[in-house]
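Q: Quick one, target_34.txt (compact mmCIF, C-alpha atoms and all ligand atoms):
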# COMPACT_ATOMS: atom_id res chain seq x y z
CA MET N 1 56.11 -29.32 -96.27
CA ALA N 2 54.91 -27.27 -93.37
CA GLU N 3 55.07 -23.51 -93.59
CA VAL N 4 57.88 -22.29 -91.30
CA ILE N 5 57.81 -18.82 -89.75
CA VAL N 6 60.92 -17.68 -87.86
CA VAL N 7 60.18 -14.96 -85.32
CA SER N 8 62.47 -12.79 -83.20
CA SER N 9 61.02 -13.73 -79.80
CA ARG N 10 58.48 -15.84 -77.93
CA GLN N 11 56.42 -12.72 -77.51
CA ALA N 12 56.34 -12.15 -81.26
CA ALA N 13 55.23 -15.76 -81.75
CA GLY N 14 52.49 -15.29 -79.18
CA ALA N 15 51.22 -12.16 -80.92
CA LEU N 16 51.27 -13.84 -84.34
CA VAL N 17 49.31 -16.91 -83.26
CA ALA N 18 46.91 -14.89 -81.10
CA GLU N 19 46.17 -12.81 -84.20
CA ALA N 20 45.36 -15.96 -86.19
CA ILE N 21 43.04 -17.17 -83.41
CA GLU N 22 41.31 -13.81 -83.22
CA ARG N 23 40.69 -13.94 -86.99
CA LEU N 24 39.30 -17.47 -86.69
CA VAL N 25 36.96 -16.46 -83.86
CA ALA N 26 35.78 -13.41 -85.83
CA THR N 27 34.35 -15.75 -88.46
CA LYS N 28 33.41 -18.55 -86.05
CA PRO N 29 32.67 -17.38 -82.49
CA ASP N 30 32.29 -20.99 -81.29
CA ALA N 31 35.56 -22.13 -82.87
CA VAL N 32 37.12 -25.29 -81.45
CA LEU N 33 40.72 -24.90 -80.29
CA GLY N 34 43.11 -27.75 -79.58
CA LEU N 35 45.00 -26.70 -76.46
CA ALA N 36 48.60 -27.61 -75.68
CA THR N 37 50.24 -27.44 -72.28
CA GLY N 38 53.92 -26.98 -71.36
CA ASP N 39 55.81 -23.68 -71.42
CA THR N 40 55.71 -23.23 -75.19
CA PRO N 41 52.11 -22.10 -75.79
CA LEU N 42 52.11 -19.68 -72.83
CA PRO N 43 53.02 -16.61 -74.94
CA VAL N 44 49.96 -17.35 -77.11
CA TYR N 45 47.68 -17.57 -74.09
CA ARG N 46 49.20 -14.38 -72.61
CA ALA N 47 48.73 -12.47 -75.88
CA LEU N 48 45.14 -13.70 -76.10
CA ALA N 49 44.48 -12.73 -72.47
CA GLU N 50 45.64 -9.18 -73.26
CA ARG N 51 43.25 -9.04 -76.19
CA VAL N 52 40.45 -10.30 -73.96
CA GLN N 53 41.21 -7.53 -71.49
CA ALA N 54 40.98 -5.12 -74.41
CA GLY N 55 37.50 -6.41 -75.29
CA LEU N 56 37.90 -9.62 -77.32
CA ASP N 57 35.09 -12.05 -76.44
CA LEU N 58 36.17 -15.70 -76.35
CA SER N 59 33.28 -16.95 -74.22
CA GLY N 60 31.84 -18.97 -77.14
CA VAL N 61 35.13 -20.72 -77.92
CA ARG N 62 35.31 -24.44 -77.21
CA GLY N 63 38.47 -26.38 -76.44
CA PHE N 64 40.04 -29.82 -76.27
CA ALA N 65 43.32 -30.31 -74.46
CA LEU N 66 45.87 -32.55 -76.13
CA ASP N 67 46.64 -34.76 -73.19
CA GLU N 68 46.60 -35.51 -69.46
CA TYR N 69 48.59 -37.57 -67.00
CA VAL N 70 47.04 -40.85 -65.93
CA GLY N 71 46.46 -41.33 -62.22
CA ILE N 72 47.15 -37.75 -61.17
CA ALA N 73 44.56 -36.10 -58.88
CA LEU N 74 42.44 -33.67 -60.92
CA ASP N 75 43.15 -30.92 -58.40
CA HIS N 76 46.93 -31.54 -58.40
CA PRO N 77 48.43 -28.19 -59.52
CA GLU N 78 50.28 -29.94 -62.38
CA SER N 79 47.39 -32.03 -63.68
CA TYR N 80 46.56 -30.69 -67.13
CA HIS N 81 43.01 -30.12 -65.85
CA SER N 82 44.50 -27.61 -63.40
CA VAL N 83 46.98 -26.16 -65.89
CA ILE N 84 44.34 -25.61 -68.59
CA ASP N 85 42.00 -24.04 -66.03
CA ARG N 86 44.73 -21.75 -64.68
CA GLU N 87 46.52 -20.80 -67.91
CA VAL N 88 43.69 -20.86 -70.44
CA VAL N 89 40.09 -21.05 -69.21
CA ARG N 90 40.25 -18.31 -66.57
CA PRO N 91 42.56 -15.75 -68.22
CA LEU N 92 40.80 -16.11 -71.58
CA GLY N 93 37.28 -16.08 -70.15
CA LEU N 94 36.36 -19.39 -71.79
CA THR N 95 33.27 -21.23 -70.59
CA PRO N 96 34.60 -24.03 -68.32
CA SER N 97 32.03 -26.61 -69.46
CA ALA N 98 33.07 -26.03 -73.09
CA VAL N 99 36.70 -26.97 -72.45
CA HIS N 100 37.56 -30.65 -72.30
CA VAL N 101 40.63 -32.45 -70.98
CA PRO N 102 41.12 -36.22 -71.40
CA ASP N 103 39.99 -38.15 -68.34
CA GLY N 104 43.09 -39.73 -66.82
CA ARG N 105 41.37 -41.18 -63.78
CA PRO N 106 41.98 -44.92 -63.46
CA LEU N 107 38.27 -45.76 -63.22
CA GLY N 108 37.01 -46.06 -66.81
CA ILE N 109 40.42 -45.36 -68.36
CA GLU N 110 39.91 -48.15 -70.92
CA THR N 111 37.03 -46.22 -72.54
CA ALA N 112 38.32 -42.67 -71.90
CA GLY N 113 40.04 -42.40 -75.29
CA GLU N 114 36.96 -43.42 -77.22
CA ARG N 115 34.79 -41.02 -75.22
CA TYR N 116 37.19 -38.18 -75.99
CA GLU N 117 37.18 -38.95 -79.71
CA THR N 118 33.37 -38.99 -79.69
CA ALA N 119 33.28 -35.60 -77.98
CA ILE N 120 35.69 -34.08 -80.54
CA VAL N 121 33.60 -35.41 -83.43
CA ALA N 122 30.37 -34.18 -81.77
CA ALA N 123 31.92 -30.69 -81.54
CA GLY N 124 32.50 -30.74 -85.31
CA GLY N 125 36.26 -31.35 -85.04
CA ILE N 126 39.12 -29.10 -84.00
CA ASP N 127 39.55 -25.91 -86.05
CA LEU N 128 43.04 -24.97 -84.88
CA GLN N 129 45.34 -27.27 -82.94
CA LEU N 130 48.19 -25.70 -80.98
CA LEU N 131 51.21 -27.96 -80.55
CA GLY N 132 54.51 -27.84 -78.71
CA ILE N 133 57.21 -30.42 -79.35
CA GLY N 134 59.14 -32.60 -76.94
CA THR N 135 62.92 -32.84 -77.19
CA ASP N 136 62.40 -36.44 -78.36
CA GLY N 137 60.06 -35.25 -81.12
CA HIS N 138 56.79 -36.04 -79.37
CA ILE N 139 53.61 -34.05 -79.87
CA GLY N 140 50.92 -34.32 -77.24
CA PHE N 141 52.30 -37.33 -75.41
CA ASN N 142 52.76 -39.36 -78.61
CA GLU N 143 56.19 -40.72 -77.86
CA PRO N 144 58.54 -42.15 -80.52
CA GLY N 145 56.98 -45.26 -82.00
CA SER N 146 53.44 -43.85 -82.08
CA SER N 147 51.33 -44.83 -85.06
CA PHE N 148 50.43 -42.05 -87.48
CA ALA N 149 46.86 -43.44 -87.39
CA SER N 150 46.58 -43.49 -83.59
CA LEU N 151 43.58 -42.00 -81.80
CA THR N 152 43.26 -40.86 -78.16
CA ARG N 153 44.72 -43.58 -75.93
CA VAL N 154 47.01 -44.32 -73.01
CA LYS N 155 50.76 -44.02 -73.64
CA THR N 156 53.76 -44.75 -71.45
CA LEU N 157 56.04 -41.73 -71.05
CA THR N 158 59.69 -42.09 -71.99
CA ARG N 159 62.39 -41.45 -69.42
CA GLN N 160 63.40 -38.39 -71.47
CA THR N 161 59.91 -36.88 -71.21
CA ARG N 162 59.69 -37.63 -67.49
CA ASP N 163 63.09 -35.99 -66.98
CA ASP N 164 61.99 -32.98 -69.07
CA ASN N 165 58.78 -32.61 -67.06
CA ALA N 166 60.40 -33.21 -63.64
CA ARG N 167 60.71 -29.43 -63.28
CA PHE N 168 56.96 -29.26 -62.67
CA PHE N 169 57.13 -31.79 -59.81
CA ASP N 170 59.20 -32.25 -56.64
CA SER N 171 61.27 -34.96 -58.32
CA VAL N 172 61.27 -37.15 -61.42
CA ASP N 173 59.82 -39.97 -59.32
CA ASP N 174 56.67 -37.89 -58.86
CA VAL N 175 56.13 -37.51 -62.64
CA PRO N 176 53.37 -39.92 -63.68
CA VAL N 177 54.47 -42.88 -65.81
CA HIS N 178 51.43 -42.91 -68.09
CA SER N 179 49.42 -40.35 -70.00
CA ILE N 180 46.29 -40.23 -72.10
CA THR N 181 46.85 -38.29 -75.30
CA GLN N 182 45.15 -37.40 -78.54
CA GLY N 183 46.72 -39.64 -81.15
CA LEU N 184 48.66 -38.55 -84.21
CA GLY N 185 45.58 -39.49 -86.24
CA THR N 186 43.43 -37.26 -84.00
CA ILE N 187 45.87 -34.37 -84.42
CA LEU N 188 46.00 -34.80 -88.20
CA ARG N 189 42.19 -34.48 -88.37
CA ALA N 190 42.33 -30.90 -87.05
CA LYS N 191 41.64 -28.37 -89.77
CA ARG N 192 44.80 -26.40 -89.03
CA LEU N 193 47.97 -27.15 -87.04
CA VAL N 194 50.25 -24.56 -85.42
CA LEU N 195 53.40 -26.02 -83.88
CA LEU N 196 55.53 -23.71 -81.76
CA ALA N 197 59.08 -24.28 -80.55
CA PHE N 198 61.60 -22.03 -78.83
CA GLY N 199 65.22 -22.41 -77.80
CA ALA N 200 68.24 -24.41 -78.95
CA GLY N 201 67.06 -27.48 -77.04
CA LYS N 202 64.26 -27.91 -79.58
CA ALA N 203 66.40 -27.35 -82.71
CA HIS N 204 67.09 -31.01 -83.37
CA ALA N 205 63.47 -32.07 -82.90
CA VAL N 206 62.23 -29.22 -85.11
CA ALA N 207 64.64 -30.09 -87.94
CA ALA N 208 63.69 -33.77 -87.76
CA ALA N 209 59.98 -32.92 -87.71
CA VAL N 210 60.06 -30.43 -90.58
CA GLU N 211 62.81 -31.73 -92.86
CA GLY N 212 63.46 -35.31 -91.79
CA PRO N 213 61.78 -38.42 -93.15
CA LEU N 214 58.24 -39.28 -92.13
CA THR N 215 58.87 -41.69 -89.30
CA ALA N 216 57.16 -42.93 -86.17
CA SER N 217 60.55 -42.39 -84.48
CA VAL N 218 59.83 -38.65 -84.75
CA PRO N 219 56.09 -38.38 -84.09
CA ALA N 220 56.06 -34.67 -84.97
CA SER N 221 57.12 -35.56 -88.54
CA ALA N 222 53.43 -36.49 -88.97
CA ILE N 223 52.69 -32.78 -89.45
CA GLN N 224 54.26 -33.10 -92.92
CA LEU N 225 51.12 -35.02 -93.89
CA HIS N 226 48.86 -32.10 -92.98
CA PRO N 227 47.83 -29.65 -95.72
CA ARG N 228 47.65 -26.66 -93.34
CA ALA N 229 50.50 -26.95 -90.86
CA THR N 230 52.44 -23.90 -89.70
CA VAL N 231 55.61 -24.07 -87.59
CA VAL N 232 56.45 -20.93 -85.58
CA VAL N 233 59.98 -20.94 -84.20
CA ASP N 234 62.56 -18.55 -82.81
CA GLU N 235 66.08 -18.31 -84.31
CA GLU N 236 67.48 -20.87 -81.85
CA ALA N 237 64.84 -23.50 -82.54
CA ALA N 238 65.27 -22.87 -86.28
CA SER N 239 69.07 -23.18 -86.14
CA MET N 240 69.26 -26.71 -87.56
CA LEU N 241 66.81 -26.14 -90.41
C1 LIG B 1 54.84 -32.01 -72.66
C2 LIG B 1 53.43 -31.94 -73.29
C3 LIG B 1 53.50 -31.57 -74.73
C4 LIG B 1 54.45 -30.39 -74.88
C5 LIG B 1 55.85 -30.83 -74.58
C6 LIG B 1 56.87 -29.70 -74.60
O1 LIG B 1 55.25 -33.28 -72.34
N1 LIG B 1 52.65 -33.13 -73.16
O2 LIG B 1 52.19 -31.26 -75.22
O3 LIG B 1 54.40 -29.91 -76.19
O4 LIG B 1 55.94 -31.56 -73.39
O5 LIG B 1 56.84 -28.97 -73.40
P1 LIG B 1 57.43 -27.53 -73.25
O6 LIG B 1 56.57 -26.65 -74.10
O7 LIG B 1 57.29 -27.18 -71.80
O8 LIG B 1 58.82 -27.58 -73.73
Show how you would write the structure in this file as structure tokens.
Ligand code: GLP

A:
Amino acid sequence: MAEVIVVSSRQAAGALVAEAIERLVATKPDAVLGLATGDTPLPVYRALAERVQAGLDLSGVRGFALDEYVGIALDHPESYHSVIDREVVRPLGLTPSAVHVPDGRPLGIETAGERYETAIVAAGGIDLQLLGIGTDGHIGFNEPGSSFASLTRVKTLTRQTRDDNARFFDSVDDVPVHSITQGLGTILRAKRLVLLAFGAGKAHAVAAAVEGPLTASVPASAIQLHPRATVVVDEEAASML
């Protein structure tokens, strides 16, 4: 079972995970981070940015984003290329060429997953993978029904996920229908997993992921298979555990 840490606030979660990343980088300055998007990991990135301002050097750190929308313009403010650049690369002083995001452009999309897997392997694998969780139990964009062995590939977003992510767009109709995401198999290959969740809206998904049966219906339940998975939640997200 995953280790569960209940914290008093998002800020406390951010500090805790930033501390773990700082320790990792102290022993491995070119550590490979798996980077999640969405609101959830923002406290981690903010806490790390403060440490960088105080002198922490993350310029050697490499990164692989979990996922990207398919067919969105790279310079769209809500493409994960833009989000990772804005929320992670710049504030943390990472080297832009060392941070990778799946290529969701239609041209070459059929080989984009394989290319991403090759790049992760060439980097020596992901040392620490940050994860959020969707209200339907997805991690990355691995929607319910995803194989536990899946690698980076194109997935169709559920209506629930498109509704959840509509807040980043003008309307739900503007939310892309497809994504390219690291698979559950890709995620399980990371050396360490840290899943964060905050708020009552995530309580059901967290309980199903941590204590429910291993099932493709709850993709996040795959973390139970990982020997080093930590779940960091606030009281509300932990309320159904
Ligand atoms: C998005 C992302 C996931 C993220 C999840 C939760 O769809 N693809 O990686 O974990 O939704 O988002 P949030 O953290 O904003 O609740």

Q: Just want the residues within 7 Å of ligand LIG 1 (chain B), written as a ChimeraX atom specification, counting only C-alpha atoms and all ligand atoms.

A: /N:36-41,66-67,131-134,139-141,161,165

Q: Using atom CA of Leu94 of chain N and atom CA of Arg23 of chain N as the two end points, give the distance in Å to one decimal.

A: 16.7 Å

Q: When you count only C-alpha atoms, which of these residues is closest to Lys155 of chain N: N:Val7, N:Val70, N:Ala98, N:Val83?

A: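 Ranked by minimum distance to Lys155 of chain N, first place goes to N:Val70.
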
Q: Give me, as a PyMOL selection string, all polymer residues having an atom no more than 8 Å from segment 186-189 of chain N, counting all atoms listed in the file and skipping those fewer than 3 positions away in the same chain.

A: chain N and resi 117+125-126+129+149-152+182-183+193+222-223+225-226

Q: Rank nothing, just name the residue among N:Pro77, N:Pro96, N:Gly14, N:Gly113 nearest to Val154 of chain N, using all atoms listed in the file.

A: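 So, comparing all the options, the nearest one is N:Gly113.
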
Q: Figure out the distance between atom CA of Ala18 of chain N and atom CA of Arg167 of chain N, please, to one decimal in Å.

A: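 According to the coordinates, atom CA of Arg167 of chain N and atom CA of Ala18 of chain N are separated by 26.8 Å.
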
Q: My list of candidates is N:Val99, N:Glu87, N:Ala65, N:Gly71. Which is closest to Gly34 of chain N when distances are computed with all atoms listed in the file?

A: N:Ala65

Q: For Pro106 of chain N, which of N:Leu184, N:Pro29, N:Val6, N:Ser179 is the closest residue, counting all atoms listed in the file?

A: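 Ranking N:Leu184, N:Pro29, N:Val6, N:Ser179 by distance to Pro106 of chain N, first place goes to N:Ser179.
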
Q: At what distance in Å, to one decimal, does atom CA of Pro102 of chain N lie from atom CA of Phe64 of chain N?

A: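 Atom-to-atom, atom CA of Phe64 of chain N and atom CA of Pro102 of chain N are spaced 8.1 Å apart.
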
Q: Between N:Thr181, N:Thr156, N:Thr135, N:Ser146, single out the one closest to Val101 of chain N, counting all atoms listed in the file.

A: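 Once distances to Val101 of chain N are computed over all atoms listed in the file, the minimum belongs to N:Thr181.
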
Q: Can you tell me which residues surround Val32 of chain N at a distance of at most 7 Å, considering all atoms listed in the file, apart from same-chain residues fewer than 5 positions away, and format the answer as a VMD selection string?

A: chain N and resid 61 to 63 126 to 128

Q: Pick from N:Ser217, N:Gln160, N:Thr111, N:Thr95: nearest to Val177 of chain N, with only C-alpha atoms counted?

A: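 Closest to Val177 of chain N, using only C-alpha atoms: N:Gln160.
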
Q: Box along x, y and z, 6 Å on every side, all listed atoms of segment 184-198 of chain N inside: centre and edge lengths in Å to one decimal, as lines of an AutoDock Vina configuration file.

A:
center_x = 51.6
center_y = -30.8
center_z = -84.3
size_x = 32.0
size_y = 29.5
size_z = 22.9

Q: Please identify all polymer residues within 10 Å of Ala237 of chain N, counting all atoms listed in the file, omitting same-chain residues fewer than 3 positions from it, and present them as a list in words.

A: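 Once the nearby chain positions are removed, what remains is Val6, Leu196, Ala197, Phe198, Gly199, Ala200, Gly201, Lys202, Ala203, His204, Ala205, Val206, Ala207, Val232, Val233, Asp234, Met240 and Leu241 of chain N.
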
Q: Taking only residues of segment 70-136 of chain N that have an atom at most 7 Å from an atom of segment 47-58 of chain N, what is each one's shortest atom pair and its distance in Å to one decimal, using all atoms listed in the file, in chain and number order, as CSV?

A:
residue,atom,partner,partner_atom,distance
N:Pro91,CA,N:Ala49,CA,5.6
N:Leu92,CA,N:Ala49,CA,5.1
N:Gly93,CA,N:Leu58,CA,6.3
N:Leu94,CA,N:Leu58,CA,5.9

Q: List as an MDAnalysis selection string the residues having at least one atom at most 10 Å from position (55.5, -36.7, -94.6) as given in the file, counting only C-alpha atoms.

A: chainID N and resid 1:2 209:215 220:226

Q: List the spatial neighbours of Pro176 of chain N as a list in words - criterion: any atom at most 12 Å away, all atoms listed in the file, same-chain residues fewer than 4 positions off excluded.

A: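 The residues satisfying every condition are Glu68, Tyr69, Val70, Gly71, Ile72, Ala73, His76, Glu78, Ser79, Tyr80, Gly104, Lys155, Thr156, Leu157, Thr158, Arg159, Thr161, Arg162, Asp163, Asn165, Ala166, Phe168, Phe169, Asp170, Ser171, Val172 and Ile180 of chain N.
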